[in-house]
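Visitor: Sharing a structure below in structure tokens format, with a few things to ask.
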Amino acid sequence: MASELLHLHKKNWNGIRLGLIEELEAHLHPQAQMQVIESLQKQDKIQLILTTHSPNLASKLKLESLIICNEKNAFPMGSKYTKFNPSHYVFLENF
């Protein structure tokens with residue numbers, strides 16, 4: 001992951017700055033997962049798409065960044081896609 005992130009940050013990169021990470025939880029200790037997810041959220045020059053089955057990882061993400069997928073449906077949680085008001089986001093992120 002680290003080497004791919006370095007490649008995506010190259011100044012002479014000629015493609016989409018997009019990283020795909022599947023099931024981050026599969027090979028990392030839970031404490032390492034939390035450190036990695038916090039670090040990945042600080043990436044602002046590239047877009048990252050992560051898949052996970054871990055509620056622990058999902059709980060560390062900003063709700064605005066989540067898209068919940070179930071069968072053939074996708075539910076983006078961003079404020080322009082929901083009817084939540086700001087207090088709902090605060091509650092759900094604390095929950």
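By order of appearance in the structure tokens: chains A, B, ..., then residues from 1 within every chain, and ligands from 1 in the order shown.
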Find the spatial neighbours of Leu24 in chain A, counting only C-alpha atoms, within a cut-off of 10 Å - ignore same-chain residues fewer than 3 positions away - and output them as a VMD selection string.

Guide: chain A and resid 1 21 27 to 28 33 36 to 37 50 to 54 57

Visitor: Identify all residues of range 21-92 of chain A in strand (DSSP E or B) (DSSP on the backbone) and supply them as a list of chain:residue names.

Guide: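 Filtering range 21-92 of chain A down to strand (DSSP E or B) leaves A:Ile21, A:Glu22, A:Gln47, A:Leu48, A:Ile49, A:Leu50, A:Thr51, A:Ile67, A:Ile68, A:Cys69, A:Asn70, A:Asn73, A:Ala74, A:Phe75, A:Pro76.
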
Visitor: Using only C-alpha atoms, which residue out of A:Glu23, A:Arg17, A:Asn56, A:Leu5 lies closest to Ser39 in chain A?

Guide: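 Smallest separation from Ser39 in chain A among the options: A:Leu5.
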
Visitor: Per DSSP on the backbone, what are the alpha helix (DSSP H) residues of chain A, as a PyMOL selection string?

Guide: chain A and resi 2-8+30-41+55-60+86-94

Visitor: By how many Å are CA of Ile46 in chain A and CA of Leu6 in chain A apart?

Guide: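 These two atoms are separated by 10.8 Å.
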
Visitor: Tell me which protein, DNA and RNA residues are within 12 Å of Ser3 in chain A, counting only C-alpha atoms, leaving out same-chain ones fewer than 6 positions away, and put them as an mmCIF file with C-alpha atoms, in the first residue's frame.

Guide:
```cif
data_model
loop_
_atom_site.group_PDB
_atom_site.id
_atom_site.type_symbol
_atom_site.label_atom_id
_atom_site.label_comp_id
_atom_site.auth_asym_id
_atom_site.auth_seq_id
_atom_site.Cartn_x
_atom_site.Cartn_y
_atom_site.Cartn_z
ATOM 1 C CA HIS A 9 1.920 11.147 -5.325
ATOM 2 C CA LYS A 10 4.554 11.400 -8.080
ATOM 3 C CA GLY A 19 -6.199 3.930 -5.183
#
```

Visitor: Near range 14-16 of chain A, counting only C-alpha atoms, which residues have an atom at most 12 Å away, once you skip same-chain residues fewer than 5 positions from it, shown as a PyMOL selection string?

Guide: chain A and resi 7-9+45-48

Visitor: Please provide as a list in words all residues within 12 Å of Ser79 in chain A, with the sequence filter that same-chain residues fewer than 6 positions apart are discarded (counting only C-alpha atoms).

Guide: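 Listing them by chain and then by number gives Lys62, Leu63, Glu64, Ser65, Leu66, Ile67, Asn85, Pro86, Ser87, His88 and Tyr89 of chain A.
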